[in-house]
Amino acid sequence: MLAQVADLLIANAFGLMVYALLLRFYMQLLRAPFRNPVGLFITALTNWIVLPVRRIVPGLMGIDLPTIVLAWLVQALMLTLLLWLRGLNFAHAPGIAAGLLFGIAALKLLQASLYLLIAVVIGHVLFSWFNPQTPIAPLLDALTRPFYGIFRRFIPPIGNVDLSPIFVLIIAQVILYPIGDLVRPF
């Protein structure tokens, strides 16, 4: 029972940090506004770890490389702790184990990115229906606009209803199937 509690605490604490770092990365990548409650929360939650790493790892062509590298390392650390907690011993082949962990961490990061996209699309749709003037509407619009734009070129609105969020959700879920099969044992 104690192992289950530790598993839960590790997964939630590290998972929160991974999602916060991913959201910060995508907000900067897609030029989303940070002057809203979510942006201020993400900045406050991640500044303590991102700012020192920026001194060591520089950005690359406008991409916030330190944030995505941190997300990847936090994901790998979470996987290491969870596997160690379950009794897996890395002493027999440390090089292979490290390579496997970093590869699985990258896949888990892609999986988390797709889950984040699904959550943002659902939030954007709900807020656009019930409260389009919410302070986070510009943030949600900036995070979803590139994905909607792909489908808006080919699928016109039907009766003033934009169907592109449905297609973004379907494609994200289709991509999640093979990734989920690869990372399921972990």
# chains A, B, ... in the order shown; residues from 1 in each chain; ligands from 1

$ select_by_dssp --residues "segment 23-166 of chain A" --states "strand (DSSP E or B)" --output "number ranges by chain"
A: 60, 63, 158, 161

$ residues_around --residues "Asp7 of chain A" --least-positions-apart "5" --cutoff "9 Å" --atoms "only C-alpha atoms" --output "list in words"
Leu2, Asn12, Leu81, Leu82, Leu85 and Arg86 of chain A

$ residues_around --residues "segment 40-42 of chain A" --least-positions-apart "6" --cutoff "8 Å" --atoms "only C-alpha atoms" --output "list in words"
Ala20, Leu21, Leu23, Arg24 and Phe34 of chain A

$ write_last_selection --atoms "N, CA, C and O atoms" --output "PDB file, in the first residue's frame"
ATOM      1  N   ALA A  20       3.214  21.451 -16.905  1.00  0.00           N
ATOM      2  CA  ALA A  20       3.473  22.890 -16.789  1.00  0.00           C
ATOM      3  C   ALA A  20       4.611  23.307 -17.720  1.00  0.00           C
ATOM      4  O   ALA A  20       4.521  24.335 -18.406  1.00  0.00           O
ATOM      5  N   LEU A  21       5.666  22.512 -17.768  1.00  0.00           N
ATOM      6  CA  LEU A  21       6.783  22.826 -18.667  1.00  0.00           C
ATOM      7  C   LEU A  21       6.365  22.724 -20.132  1.00  0.00           C
ATOM      8  O   LEU A  21       6.751  23.556 -20.960  1.00  0.00           O
ATOM      9  N   LEU A  23       3.315  23.153 -21.325  1.00  0.00           N
ATOM     10  CA  LEU A  23       2.445  24.286 -21.623  1.00  0.00           C
ATOM     11  C   LEU A  23       3.261  25.562 -21.795  1.00  0.00           C
ATOM     12  O   LEU A  23       3.008  26.348 -22.710  1.00  0.00           O
ATOM     13  N   ARG A  24       4.256  25.762 -20.965  1.00  0.00           N
ATOM     14  CA  ARG A  24       5.133  26.932 -21.120  1.00  0.00           C
ATOM     15  C   ARG A  24       5.849  26.890 -22.462  1.00  0.00           C
ATOM     16  O   ARG A  24       5.951  27.897 -23.159  1.00  0.00           O
ATOM     17  N   PHE A  34       1.058  35.627 -22.286  1.00  0.00           N
ATOM     18  CA  PHE A  34       1.284  35.169 -20.922  1.00  0.00           C
ATOM     19  C   PHE A  34       0.545  36.028 -19.900  1.00  0.00           C
ATOM     20  O   PHE A  34       0.530  35.726 -18.734  1.00  0.00           O
TER      21      PHE A  34
END

$ closest_residue --among "A:Leu30, A:Leu73, A:Leu143, A:Ile68" --to "Gly123 of chain A" --atoms "only C-alpha atoms"
A:Leu143

$ atom_distance --atom1 "atom CA of Ile56 of chain A" --atom2 "atom CA of Arg35 of chain A"
26.7 Å

$ residues_around --residues "segment 161-165 of chain A" --least-positions-apart "3" --cutoff "8 Å" --atoms "only C-alpha atoms" --output "count of residues only"
12

$ atom_distance --atom1 "atom CA of Ala32 of chain A" --atom2 "atom CA of Val120 of chain A"
12.6 Å

$ residues_around --residues "Ala106 of chain A" --least-positions-apart "4" --cutoff "7 Å" --atoms "only C-alpha atoms" --output "MDAnalysis selection string"
chainID A and resid 72 102 110

$ write_last_selection --atoms "C-alpha atoms" --output "mmCIF file, in the first residue's frame"
data_model
loop_
_atom_site.group_PDB
_atom_site.id
_atom_site.type_symbol
_atom_site.label_atom_id
_atom_site.label_comp_id
_atom_site.auth_asym_id
_atom_site.auth_seq_id
_atom_site.Cartn_x
_atom_site.Cartn_y
_atom_site.Cartn_z
ATOM 1 C CA TRP A 72 12.121 15.618 -21.089
ATOM 2 C CA PHE A 102 15.277 8.601 -22.492
ATOM 3 C CA LEU A 110 4.790 13.320 -27.122
#

$ select_by_dssp --residues "segment 29-148 of chain A" --states "alpha helix (DSSP H)" --output "count of residues only"
89

$ closest_residue --among "A:Phe25, A:Leu8, A:Val183, A:His124" --to "Ile136 of chain A" --atoms "only C-alpha atoms"
A:His124

$ atom_distance --atom1 "atom CA of Val50 of chain A" --atom2 "atom CA of Ile179 of chain A"
27.5 Å

$ closest_residue --among "A:Ile175, A:Leu88, A:Leu182, A:Ala142" --to "Gly103 of chain A" --atoms "only C-alpha atoms"
A:Leu182
